[in-house]
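Note sheet for the following structure.
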Amino acid sequence: MEKIQLPYCDLILKESHAILTMQEGTSVTVENAAEITDHLENHYNGQKFIFISDRKYDHEIDLNVYKGKILKNMIGYAIVSDKPEEVKRAYVEQPLWDEAFTFFKKLEDAEDWARSFFD
């Protein structure tokens with residue numbers, strides 16, 4: 001496991017999945033998404049993994065990040081939140097992602113889902 005702290009987020013890289021937690025009031029921009037992608041690419045080095053966005057803090061998302069570099073080894077995407085507005089935002093984001101995409105209220109459930117791809 002590797003933990004990376006950036007000015008706008010925390011990134012935890014586990015064997016089967018990565019967990020991104022944005023800081024309160026920050027934004028996912030094309031620029032910082034590219035930096036996060038670089039960390040994912042270096043850590044997983046072609047190995048398949050699931051990406052989990054733990055949305056416990058309010059932050060903005062530039063939907064253009066979905067048009068950027070997407071790693072072919074990122075085979076699934078989960079959003080975690082118990083906030084109704086995040087469910088609505090997930091409905092907007094889902095069509096922008098071609099692989100497995102799901103929503104959970106608890107991080108533990110998302111991690112179980114991620115691990116199920118590799119059992």
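By convention in this document, the chains of the structure tokens carry letters A, B, ... by their order, each chain's residues are numbered from 1, and ligands are numbered from 1 in the order they are shown.
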
- Would you list the contacts of stretch 10-12 of chain A as a PyMOL selection string, taking every protein, DNA or RNA residue within 9 Å and counting only C-alpha atoms, but skipping same-chain residues closer than 5 positions in sequence? chain A and resi 1-5+17-23+36+39

- Close residues, A:Phe117 itself excluded, 10 Å, only C-alpha atoms, min 5 positions apart in chain, as an MDAnalysis selection string: chainID A and resid 16:17 48:50 75:76 112

Could the residues in this selection be written to a file with all heavy atoms, as a PDB file, in the first residue's frame?
ATOM      1  N   SER A  16      -5.451  -3.932  -5.324  1.00  0.00           N
ATOM      2  CA  SER A  16      -6.491  -4.058  -6.344  1.00  0.00           C
ATOM      3  C   SER A  16      -7.197  -2.754  -6.681  1.00  0.00           C
ATOM      4  O   SER A  16      -7.900  -2.678  -7.679  1.00  0.00           O
ATOM      5  CB  SER A  16      -7.550  -5.066  -5.884  1.00  0.00           C
ATOM      6  OG  SER A  16      -8.178  -4.619  -4.685  1.00  0.00           O
ATOM      7  N   HIS A  17      -7.002  -1.732  -5.848  1.00  0.00           N
ATOM      8  CA  HIS A  17      -7.760  -0.504  -6.048  1.00  0.00           C
ATOM      9  C   HIS A  17      -7.070   0.720  -5.460  1.00  0.00           C
ATOM     10  O   HIS A  17      -6.242   0.605  -4.566  1.00  0.00           O
ATOM     11  CB  HIS A  17      -9.168  -0.651  -5.467  1.00  0.00           C
ATOM     12  CG  HIS A  17      -9.192  -0.953  -4.004  1.00  0.00           C
ATOM     13  ND1 HIS A  17      -8.978  -2.215  -3.504  1.00  0.00           N
ATOM     14  CD2 HIS A  17      -9.410  -0.160  -2.928  1.00  0.00           C
ATOM     15  CE1 HIS A  17      -9.057  -2.193  -2.183  1.00  0.00           C
ATOM     16  NE2 HIS A  17      -9.320  -0.947  -1.812  1.00  0.00           N
ATOM     17  N   LYS A  48      -4.131  -4.318 -13.776  1.00  0.00           N
ATOM     18  CA  LYS A  48      -5.523  -3.878 -13.685  1.00  0.00           C
ATOM     19  C   LYS A  48      -5.858  -3.437 -12.255  1.00  0.00           C
ATOM     20  O   LYS A  48      -5.370  -4.023 -11.289  1.00  0.00           O
ATOM     21  CB  LYS A  48      -6.461  -5.003 -14.115  1.00  0.00           C
ATOM     22  CG  LYS A  48      -6.346  -5.305 -15.580  1.00  0.00           C
ATOM     23  CD  LYS A  48      -7.287  -6.395 -16.002  1.00  0.00           C
ATOM     24  CE  LYS A  48      -7.102  -6.627 -17.501  1.00  0.00           C
ATOM     25  NZ  LYS A  48      -8.031  -7.613 -18.005  1.00  0.00           N
ATOM     26  N   PHE A  49      -6.702  -2.402 -12.165  1.00  0.00           N
ATOM     27  CA  PHE A  49      -7.124  -1.900 -10.860  1.00  0.00           C
ATOM     28  C   PHE A  49      -8.476  -1.195 -10.988  1.00  0.00           C
ATOM     29  O   PHE A  49      -8.924  -0.868 -12.082  1.00  0.00           O
ATOM     30  CB  PHE A  49      -6.072  -0.957 -10.256  1.00  0.00           C
ATOM     31  CG  PHE A  49      -5.997   0.383 -10.941  1.00  0.00           C
ATOM     32  CD1 PHE A  49      -6.629   1.490 -10.404  1.00  0.00           C
ATOM     33  CD2 PHE A  49      -5.294   0.540 -12.129  1.00  0.00           C
ATOM     34  CE1 PHE A  49      -6.570   2.727 -11.034  1.00  0.00           C
ATOM     35  CE2 PHE A  49      -5.225   1.770 -12.769  1.00  0.00           C
ATOM     36  CZ  PHE A  49      -5.872   2.863 -12.219  1.00  0.00           C
ATOM     37  N   ILE A  50      -9.093  -0.958  -9.828  1.00  0.00           N
ATOM     38  CA  ILE A  50     -10.357  -0.239  -9.720  1.00  0.00           C
ATOM     39  C   ILE A  50     -10.064   1.117  -9.068  1.00  0.00           C
ATOM     40  O   ILE A  50      -9.253   1.202  -8.150  1.00  0.00           O
ATOM     41  CB  ILE A  50     -11.362  -1.019  -8.839  1.00  0.00           C
ATOM     42  CG1 ILE A  50     -11.610  -2.425  -9.389  1.00  0.00           C
ATOM     43  CG2 ILE A  50     -12.662  -0.240  -8.659  1.00  0.00           C
ATOM     44  CD1 ILE A  50     -12.279  -2.490 -10.724  1.00  0.00           C
ATOM     45  N   ILE A  75     -10.130  -0.695 -14.732  1.00  0.00           N
ATOM     46  CA  ILE A  75     -11.250  -1.475 -15.261  1.00  0.00           C
ATOM     47  C   ILE A  75     -12.582  -1.198 -14.573  1.00  0.00           C
ATOM     48  O   ILE A  75     -13.598  -1.779 -14.940  1.00  0.00           O
ATOM     49  CB  ILE A  75     -10.933  -2.977 -15.218  1.00  0.00           C
ATOM     50  CG1 ILE A  75     -10.659  -3.433 -13.782  1.00  0.00           C
ATOM     51  CG2 ILE A  75      -9.755  -3.295 -16.139  1.00  0.00           C
ATOM     52  CD1 ILE A  75     -10.571  -4.937 -13.620  1.00  0.00           C
ATOM     53  N   GLY A  76     -12.587  -0.324 -13.581  1.00  0.00           N
ATOM     54  CA  GLY A  76     -13.826  -0.003 -12.897  1.00  0.00           C
ATOM     55  C   GLY A  76     -13.691   1.283 -12.113  1.00  0.00           C
ATOM     56  O   GLY A  76     -12.593   1.703 -11.757  1.00  0.00           O
ATOM     57  N   ASP A 112     -14.932  -3.813  -1.133  1.00  0.00           N
ATOM     58  CA  ASP A 112     -15.321  -5.217  -1.352  1.00  0.00           C
ATOM     59  C   ASP A 112     -15.622  -5.450  -2.830  1.00  0.00           C
ATOM     60  O   ASP A 112     -15.217  -6.461  -3.406  1.00  0.00           O
ATOM     61  CB  ASP A 112     -16.549  -5.587  -0.518  1.00  0.00           C
ATOM     62  CG  ASP A 112     -16.248  -5.711   0.964  1.00  0.00           C
ATOM     63  OD1 ASP A 112     -15.052  -5.822   1.331  1.00  0.00           O
ATOM     64  OD2 ASP A 112     -17.208  -5.684   1.764  1.00  0.00           O
TER      65      ASP A 112
END

- Task: Quick one: everything within 9 Å of stretch 57-67 of chain A, counting only C-alpha atoms, minus sequence neighbours fewer than 5 positions away in the same chain. Send it as number ranges by chain.
- Result: A: 21-31, 33-34, 93, 96-97

Selected residues written out with C-alpha atoms, as a PDB file, in the first residue's frame:
ATOM      1  CA  THR A  21     -10.330  11.654  -1.398  1.00  0.00           C
ATOM      2  CA  MET A  22     -10.414  15.264  -2.535  1.00  0.00           C
ATOM      3  CA  GLN A  23      -9.897  17.986   0.075  1.00  0.00           C
ATOM      4  CA  GLU A  24     -12.868  20.142   1.076  1.00  0.00           C
ATOM      5  CA  GLY A  25     -13.528  22.968  -1.365  1.00  0.00           C
ATOM      6  CA  THR A  26     -11.004  21.861  -4.000  1.00  0.00           C
ATOM      7  CA  SER A  27     -11.636  20.984  -7.626  1.00  0.00           C
ATOM      8  CA  VAL A  28     -10.835  18.049  -9.853  1.00  0.00           C
ATOM      9  CA  THR A  29      -9.322  19.848 -12.826  1.00  0.00           C
ATOM     10  CA  VAL A  30      -7.805  18.491 -16.010  1.00  0.00           C
ATOM     11  CA  GLU A  31      -4.375  19.440 -14.625  1.00  0.00           C
ATOM     12  CA  ALA A  33      -6.432  14.724 -12.837  1.00  0.00           C
ATOM     13  CA  ALA A  34      -3.359  14.319 -15.066  1.00  0.00           C
ATOM     14  CA  GLU A  93     -20.731  11.146 -14.833  1.00  0.00           C
ATOM     15  CA  LEU A  96     -18.770   9.478 -19.584  1.00  0.00           C
ATOM     16  CA  TRP A  97     -17.143   6.240 -18.387  1.00  0.00           C
TER      17      TRP A  97
END

- Task: List every residue of chain A that DSSP, applied to the backbone of this structure, assigns to strand (DSSP E or B), and report them as a ChimeraX atom specification.
- Result: /A:2-6,9-13,17-22,27-28,49-54,60-61,74-80,100-104

Please produce a file of the residues just selected, as a short mmCIF file (atom, residue, chain, number, x, y, z; two decimals), in the first residue's frame, where the atoms kept are N, CA and C atoms.
data_model
loop_
_atom_site.label_atom_id
_atom_site.label_comp_id
_atom_site.auth_asym_id
_atom_site.auth_seq_id
_atom_site.Cartn_x
_atom_site.Cartn_y
_atom_site.Cartn_z
N GLU A 2 0.46 2.22 -0.75
CA GLU A 2 1.18 3.50 -0.84
C GLU A 2 0.20 4.63 -0.60
N LYS A 3 0.61 5.61 0.21
CA LYS A 3 -0.23 6.79 0.46
C LYS A 3 0.48 8.00 -0.13
N ILE A 4 -0.28 8.78 -0.89
CA ILE A 4 0.25 9.99 -1.51
C ILE A 4 -0.63 11.15 -1.10
N GLN A 5 0.00 12.20 -0.55
CA GLN A 5 -0.75 13.40 -0.19
C GLN A 5 -0.33 14.51 -1.14
N LEU A 6 -1.34 15.06 -1.80
CA LEU A 6 -1.13 16.20 -2.68
C LEU A 6 -1.89 17.38 -2.08
N CYS A 9 -5.64 16.59 -2.58
CA CYS A 9 -6.25 15.27 -2.35
C CYS A 9 -5.32 14.33 -1.60
N ASP A 10 -5.92 13.24 -1.14
CA ASP A 10 -5.19 12.09 -0.61
C ASP A 10 -5.47 10.93 -1.54
N LEU A 11 -4.42 10.18 -1.85
CA LEU A 11 -4.54 9.05 -2.76
C LEU A 11 -3.93 7.84 -2.07
N ILE A 12 -4.74 6.79 -1.91
CA ILE A 12 -4.26 5.54 -1.32
C ILE A 12 -4.25 4.50 -2.42
N LEU A 13 -3.10 3.89 -2.63
CA LEU A 13 -2.93 2.90 -3.69
C LEU A 13 -2.76 1.53 -3.06
N HIS A 17 -7.00 -1.73 -5.85
CA HIS A 17 -7.76 -0.50 -6.05
C HIS A 17 -7.07 0.72 -5.46
N ALA A 18 -7.46 1.86 -6.02
CA ALA A 18 -6.98 3.16 -5.54
C ALA A 18 -8.16 3.92 -4.95
N ILE A 19 -7.90 4.67 -3.88
CA ILE A 19 -8.94 5.47 -3.24
C ILE A 19 -8.51 6.94 -3.27
N LEU A 20 -9.32 7.75 -3.91
CA LEU A 20 -9.06 9.18 -4.01
C LEU A 20 -10.03 9.92 -3.09
N THR A 21 -9.50 10.79 -2.23
CA THR A 21 -10.33 11.65 -1.40
C THR A 21 -9.87 13.09 -1.64
N MET A 22 -10.73 13.86 -2.28
CA MET A 22 -10.41 15.26 -2.54
C MET A 22 -10.57 16.05 -1.24
N SER A 27 -11.03 21.36 -6.35
CA SER A 27 -11.64 20.98 -7.63
C SER A 27 -10.82 19.91 -8.31
N VAL A 28 -11.51 18.98 -8.97
CA VAL A 28 -10.83 18.05 -9.85
C VAL A 28 -10.76 18.77 -11.19
N PHE A 49 -6.70 -2.40 -12.16
CA PHE A 49 -7.12 -1.90 -10.86
C PHE A 49 -8.48 -1.20 -10.99
N ILE A 50 -9.09 -0.96 -9.83
CA ILE A 50 -10.36 -0.24 -9.72
C ILE A 50 -10.06 1.12 -9.07
N PHE A 51 -10.76 2.15 -9.52
CA PHE A 51 -10.60 3.49 -8.96
C PHE A 51 -11.84 3.84 -8.14
N ILE A 52 -11.61 4.25 -6.89
CA ILE A 52 -12.70 4.62 -5.99
C ILE A 52 -12.57 6.10 -5.62
N SER A 53 -13.62 6.85 -5.86
CA SER A 53 -13.66 8.27 -5.48
C SER A 53 -14.50 8.38 -4.21
N ASP A 54 -13.82 8.61 -3.07
CA ASP A 54 -14.50 8.73 -1.78
C ASP A 54 -14.87 10.20 -1.60
N GLU A 60 -15.56 20.45 -6.46
CA GLU A 60 -16.03 20.59 -7.84
C GLU A 60 -15.34 19.57 -8.74
N ILE A 61 -15.96 19.25 -9.86
CA ILE A 61 -15.36 18.33 -10.84
C ILE A 61 -15.55 18.92 -12.23
N MET A 74 -7.40 0.59 -15.88
CA MET A 74 -8.39 1.00 -14.89
C MET A 74 -9.73 0.42 -15.34
N ILE A 75 -10.13 -0.70 -14.73
CA ILE A 75 -11.25 -1.47 -15.26
C ILE A 75 -12.58 -1.20 -14.57
N GLY A 76 -12.59 -0.32 -13.58
CA GLY A 76 -13.83 0.00 -12.90
C GLY A 76 -13.69 1.28 -12.11
N TYR A 77 -14.84 1.92 -11.86
CA TYR A 77 -14.88 3.20 -11.18
C TYR A 77 -16.05 3.20 -10.21
N ALA A 78 -15.78 3.54 -8.96
CA ALA A 78 -16.84 3.60 -7.95
C ALA A 78 -16.83 4.97 -7.28
N ILE A 79 -18.00 5.47 -7.02
CA ILE A 79 -18.17 6.70 -6.27
C ILE A 79 -18.78 6.33 -4.93
N VAL A 80 -18.24 6.91 -3.85
CA VAL A 80 -18.73 6.64 -2.51
C VAL A 80 -19.21 7.95 -1.89
N ALA A 100 -16.89 -0.62 -15.96
CA ALA A 100 -17.78 -0.82 -14.81
C ALA A 100 -17.84 0.46 -13.98
N PHE A 101 -19.04 0.87 -13.61
CA PHE A 101 -19.26 2.11 -12.87
C PHE A 101 -20.37 1.85 -11.87
N THR A 102 -20.13 2.20 -10.62
CA THR A 102 -21.16 1.98 -9.61
C THR A 102 -21.06 3.01 -8.50
N PHE A 103 -22.04 3.01 -7.61
CA PHE A 103 -22.16 3.99 -6.54
C PHE A 103 -22.40 3.25 -5.23
N PHE A 104 -21.69 3.67 -4.18
CA PHE A 104 -21.86 3.07 -2.86
C PHE A 104 -22.02 4.16 -1.82
#

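The two atoms in question, atom CA of A:Ile70 and atom CA of A:Arg89, are spaced 19.7 Å apart.
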
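Distance check against A:Glu108 using only C-alpha atoms: of A:Thr37, A:Asn73, A:Asn45, A:Ser81, the minimum falls on A:Ser81.
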
- Pull the helix (DSSP H, G or I) assignments for stretch 10-118 of chain A out of DSSP run on the backbone, and list those residues as a PyMOL selection string. chain A and resi 30-44+63-67+84-96+107-116

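For A:Asp38, the set of protein, DNA and RNA residues having any atom at most 10 Å away, when counting only C-alpha atoms and skipping those fewer than 5 positions along the same chain, is Asn32, Ala33, His43, Lys69 and Leu71 of chain A.
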